[in-house]
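Take a look at the structure below.
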Amino acid sequence: MHRPAHRGVWPLILLALSVFLAGCDGFVSVRGVVRNPQGEPVVGAKVHVANQYRWHTESDANGCFSAGGMISPLPLKEPLRVVAPGYKKASAKVRTGGTRNHVIVTLVPSDSQGASRIQILTPKDDKDLG
């Protein structure tokens, strides 16, 4: 009895698909600094990354922070939110998929008319984090 050739292909397709999907975990990484409008560090700002703000950290004595982790491979961008007492919150979308996002967060006082902002740097602008 002769088997159809396509029956032997399915196990290979399933194997290839499982290997592909196993390697498709998403990743989000954000490194940056939180400053006030005068360029001074904002210490203890809470930094939340990804939907449901899954990863969080606080800015250190220099205003620096680093956060991230594994996420669903489907979204191309995830939310970043930064809050600190006495300041207006800042939010933006950062790239996923292994991209290491570098940002400068400028928080303005709650009583000011301006808005806080997050500047997402290009690789050549990373020197601005220093």
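Identifiers in the structure tokens: chain A, B, ... in order shown; residue index from 1 per chain; ligand index from 1 in order shown.
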
Quiz prompt | Residues within 9 Å of stretch 66-68 of chain A, only C-alpha atoms, excluding chain neighbours under 4 positions, as a list of chain:residue names | solution = A:Phe27, A:Val28, A:Ser29, A:Val30, A:Arg31, A:Gly32, A:Val33, A:Val47, A:His48, A:Val49, A:Ala50, A:Arg54, A:Trp55, A:His56, A:Thr57, A:Glu58, A:Ser59

Practice problem: Identify, on the basis of only C-alpha atoms, every residue whose closest approach to stretch 111-124 of chain A does not exceed 12 Å; exclude the query and any residue fewer than 2 positions from it along the same chain; express the result as a PyMOL selection string. | Solution: chain A and resi 30-37+47+79-95+99-109+126-129

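Of note, atom CA of A:Glu40 and atom CA of A:Asn62 are spaced 8.4 Å apart.
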
Practice problem: Calculate how many Å separate atom CA of A:Thr96 from atom CA of A:Phe65, rounding to one decimal. | Solution: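 We find that atom CA of A:Thr96 and atom CA of A:Phe65 lie 17.7 Å from each other.
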